Amino acid sequence: MGHRSSHRLVPRKQRGPMPDHDLFSQPRAPETIDERFAAFHATHPEVLREIIALAEDAARAGRQRLSMKLLVEVVRWYRFVQHGDEEFKVNNSFTSRYTRLLQEERPDLAPMFATRELRSA
């Protein structure tokens with residue numbers, strides 16, 4: 001007589017649902033804010049240029065403090081009004097990343113913007 005295995009196949013109904021990935025790949029964790037920002041910035045590098053131009057205008061006008069959220073809203077407004085781009089979107093979570101990027105690119109404008117510790121990456 002042959003060897004009988006003590007392992008029994010469990011019917012599909014009792015094993016639970018199939019995973020939403022194949023057996024050879026690991027499921028991808030959701031993208032972080034930093035990853036989404038990097039992808040957005042790579043696709044839309046002009047947004048930083050527009051933000052810098054607005055910050056330069058504010059500096060010339062004598063402004064010493066400035067809000068990145070204000071600048072992002074102005075960029076949205078110009079995209080909507082001047083370019084008719086109703087689909088253009090900038091995630092509000094990106095404002096802190098734009099502040100830090102502007103501060104790296106333009107240290108002369110950096111003091112205009114306050115930063116806090118990032119809560120998530």
# chains A, B, ... in the order shown; residues from 1 in each chain; ligands from 1
call {"tool": "closest_atom_pairs", "arguments": {"of": "region 25-61 of chain A", "to": "region 84-108 of chain A", "cutoff": "9 Å", "atoms": "only C-alpha atoms", "output": "Markdown table"}}
result
| residue | atom | partner | partner_atom | distance |
| --- | --- | --- | --- | --- |
| A:Ile33 | CA | A:Ser93 | CA | 7.3 |
| A:Asp34 | CA | A:Arg97 | CA | 7.8 |
| A:Arg36 | CA | A:Phe94 | CA | 8.7 |
| A:Phe37 | CA | A:Phe94 | CA | 6.2 |
| A:Phe40 | CA | A:Val90 | CA | 8.4 |
| A:Leu48 | CA | A:Tyr98 | CA | 7.1 |
| A:Ile51 | CA | A:Leu102 | CA | 8.2 |
| A:Ile52 | CA | A:Leu102 | CA | 7.0 |
call {"tool": "closest_residue", "arguments": {"among": "A:Ala42, A:His83, A:Arg119, A:Phe113", "to": "Ala55 (chain A)", "atoms": "only C-alpha atoms"}}
result
A:Phe113
call {"tool": "atom_distance", "arguments": {"atom1": "CA of Glu46 (chain A)", "atom2": "CA of Ser67 (chain A)"}}
result
18.8 Å
call {"tool": "closest_residue", "arguments": {"among": "A:Ala38, A:Ala114, A:Leu109, A:Val72", "to": "Asp57 (chain A)", "atoms": "only C-alpha atoms"}}
result
A:Leu109
call {"tool": "decode", "arguments": {"residues": "region 47-86 of chain A", "atoms": "N, CA and C atoms", "output": "mmCIF file, in the first residue's frame"}}
result
data_model
loop_
_atom_site.group_PDB
_atom_site.id
_atom_site.type_symbol
_atom_site.label_atom_id
_atom_site.label_comp_id
_atom_site.auth_asym_id
_atom_site.auth_seq_id
_atom_site.Cartn_x
_atom_site.Cartn_y
_atom_site.Cartn_z
ATOM 1 N N VAL A 47 4.980 74.266 -12.178
ATOM 2 C CA VAL A 47 4.275 74.746 -10.984
ATOM 3 C C VAL A 47 5.270 75.407 -10.027
ATOM 4 N N LEU A 48 6.414 74.792 -9.808
ATOM 5 C CA LEU A 48 7.423 75.402 -8.938
ATOM 6 C C LEU A 48 7.900 76.728 -9.520
ATOM 7 N N ARG A 49 8.105 76.778 -10.830
ATOM 8 C CA ARG A 49 8.525 78.044 -11.452
ATOM 9 C C ARG A 49 7.482 79.138 -11.235
ATOM 10 N N GLU A 50 6.210 78.773 -11.358
ATOM 11 C CA GLU A 50 5.135 79.745 -11.141
ATOM 12 C C GLU A 50 5.096 80.202 -9.683
ATOM 13 N N ILE A 51 5.290 79.269 -8.770
ATOM 14 C CA ILE A 51 5.310 79.610 -7.340
ATOM 15 C C ILE A 51 6.475 80.549 -7.030
ATOM 16 N N ILE A 52 7.637 80.247 -7.578
ATOM 17 C CA ILE A 52 8.812 81.095 -7.348
ATOM 18 C C ILE A 52 8.569 82.495 -7.903
ATOM 19 N N ALA A 53 7.991 82.590 -9.090
ATOM 20 C CA ALA A 53 7.711 83.904 -9.678
ATOM 21 C C ALA A 53 6.752 84.707 -8.791
ATOM 22 N N LEU A 54 5.745 84.053 -8.242
ATOM 23 C CA LEU A 54 4.809 84.738 -7.354
ATOM 24 C C LEU A 54 5.501 85.187 -6.065
ATOM 25 N N ALA A 55 6.363 84.344 -5.521
ATOM 26 C CA ALA A 55 7.101 84.702 -4.300
ATOM 27 C C ALA A 55 8.044 85.878 -4.572
ATOM 28 N N GLU A 56 8.673 85.892 -5.750
ATOM 29 C CA GLU A 56 9.528 87.029 -6.120
ATOM 30 C C GLU A 56 8.711 88.313 -6.209
ATOM 31 N N ASP A 57 7.524 88.238 -6.805
ATOM 32 C CA ASP A 57 6.634 89.409 -6.879
ATOM 33 C C ASP A 57 6.297 89.912 -5.478
ATOM 34 N N ALA A 58 5.991 89.006 -4.579
ATOM 35 C CA ALA A 58 5.640 89.383 -3.208
ATOM 36 C C ALA A 58 6.841 90.018 -2.501
ATOM 37 N N ALA A 59 8.024 89.461 -2.721
ATOM 38 C CA ALA A 59 9.239 90.017 -2.104
ATOM 39 C C ALA A 59 9.496 91.433 -2.621
ATOM 40 N N ARG A 60 9.345 91.637 -3.924
ATOM 41 C CA ARG A 60 9.529 92.982 -4.499
ATOM 42 C C ARG A 60 8.510 93.970 -3.937
ATOM 43 N N ALA A 61 7.327 93.477 -3.591
ATOM 44 C CA ALA A 61 6.276 94.330 -3.030
ATOM 45 C C ALA A 61 6.483 94.572 -1.533
ATOM 46 N N GLY A 62 7.543 93.998 -0.977
ATOM 47 C CA GLY A 62 7.869 94.241 0.421
ATOM 48 C C GLY A 62 7.317 93.227 1.404
ATOM 49 N N ARG A 63 6.697 92.180 0.905
ATOM 50 C CA ARG A 63 6.163 91.155 1.806
ATOM 51 C C ARG A 63 7.312 90.398 2.471
ATOM 52 N N GLN A 64 7.176 90.180 3.762
ATOM 53 C CA GLN A 64 8.202 89.429 4.482
ATOM 54 C C GLN A 64 7.739 88.027 4.854
ATOM 55 N N ARG A 65 6.428 87.825 4.928
ATOM 56 C CA ARG A 65 5.861 86.516 5.230
ATOM 57 C C ARG A 65 4.875 86.160 4.128
ATOM 58 N N LEU A 66 4.787 84.875 3.837
ATOM 59 C CA LEU A 66 3.930 84.444 2.743
ATOM 60 C C LEU A 66 3.440 83.028 3.018
ATOM 61 N N SER A 67 2.276 82.718 2.523
ATOM 62 C CA SER A 67 1.687 81.395 2.687
ATOM 63 C C SER A 67 1.801 80.623 1.375
ATOM 64 N N MET A 68 2.344 79.416 1.447
ATOM 65 C CA MET A 68 2.422 78.572 0.257
ATOM 66 C C MET A 68 1.025 78.187 -0.212
ATOM 67 N N LYS A 69 0.093 78.026 0.723
ATOM 68 C CA LYS A 69 -1.272 77.690 0.319
ATOM 69 C C LYS A 69 -1.855 78.803 -0.547
ATOM 70 N N LEU A 70 -1.564 80.051 -0.204
ATOM 71 C CA LEU A 70 -2.015 81.178 -1.016
ATOM 72 C C LEU A 70 -1.429 81.086 -2.426
ATOM 73 N N LEU A 71 -0.138 80.819 -2.514
ATOM 74 C CA LEU A 71 0.512 80.748 -3.832
ATOM 75 C C LEU A 71 -0.040 79.597 -4.676
ATOM 76 N N VAL A 72 -0.281 78.468 -4.052
ATOM 77 C CA VAL A 72 -0.844 77.325 -4.790
ATOM 78 C C VAL A 72 -2.241 77.670 -5.298
ATOM 79 N N GLU A 73 -3.024 78.376 -4.491
ATOM 80 C CA GLU A 73 -4.365 78.795 -4.944
ATOM 81 C C GLU A 73 -4.266 79.761 -6.118
ATOM 82 N N VAL A 74 -3.283 80.650 -6.101
ATOM 83 C CA VAL A 74 -3.101 81.581 -7.215
ATOM 84 C C VAL A 74 -2.712 80.810 -8.478
ATOM 85 N N VAL A 75 -1.846 79.831 -8.344
ATOM 86 C CA VAL A 75 -1.469 78.998 -9.498
ATOM 87 C C VAL A 75 -2.719 78.302 -10.047
ATOM 88 N N ARG A 76 -3.522 77.759 -9.160
ATOM 89 C CA ARG A 76 -4.772 77.123 -9.610
ATOM 90 C C ARG A 76 -5.649 78.122 -10.347
ATOM 91 N N TRP A 77 -5.783 79.316 -9.797
ATOM 92 C CA TRP A 77 -6.622 80.350 -10.401
ATOM 93 C C TRP A 77 -6.138 80.692 -11.808
ATOM 94 N N TYR A 78 -4.826 80.947 -11.950
ATOM 95 C CA TYR A 78 -4.302 81.283 -13.277
ATOM 96 C C TYR A 78 -4.468 80.141 -14.268
ATOM 97 N N ARG A 79 -4.297 78.914 -13.803
ATOM 98 C CA ARG A 79 -4.504 77.772 -14.700
ATOM 99 C C ARG A 79 -5.946 77.732 -15.178
ATOM 100 N N PHE A 80 -6.872 78.037 -14.289
ATOM 101 C CA PHE A 80 -8.291 78.012 -14.607
ATOM 102 C C PHE A 80 -8.673 79.171 -15.525
ATOM 103 N N VAL A 81 -8.227 80.392 -15.185
ATOM 104 C CA VAL A 81 -8.641 81.590 -15.920
ATOM 105 C C VAL A 81 -7.849 81.775 -17.215
ATOM 106 N N GLN A 82 -6.531 81.725 -17.126
ATOM 107 C CA GLN A 82 -5.705 82.011 -18.302
ATOM 108 C C GLN A 82 -5.613 80.841 -19.275
ATOM 109 N N HIS A 83 -5.599 79.647 -18.757
ATOM 110 C CA HIS A 83 -5.408 78.476 -19.621
ATOM 111 C C HIS A 83 -6.679 77.666 -19.820
ATOM 112 N N GLY A 84 -7.734 78.019 -19.101
ATOM 113 C CA GLY A 84 -8.986 77.275 -19.223
ATOM 114 C C GLY A 84 -8.860 75.833 -18.784
ATOM 115 N N ASP A 85 -7.854 75.563 -17.960
ATOM 116 C CA ASP A 85 -7.578 74.193 -17.537
ATOM 117 C C ASP A 85 -8.396 73.860 -16.292
ATOM 118 N N GLU A 86 -9.602 73.370 -16.510
ATOM 119 C CA GLU A 86 -10.495 73.043 -15.396
ATOM 120 C C GLU A 86 -10.118 71.727 -14.729
#
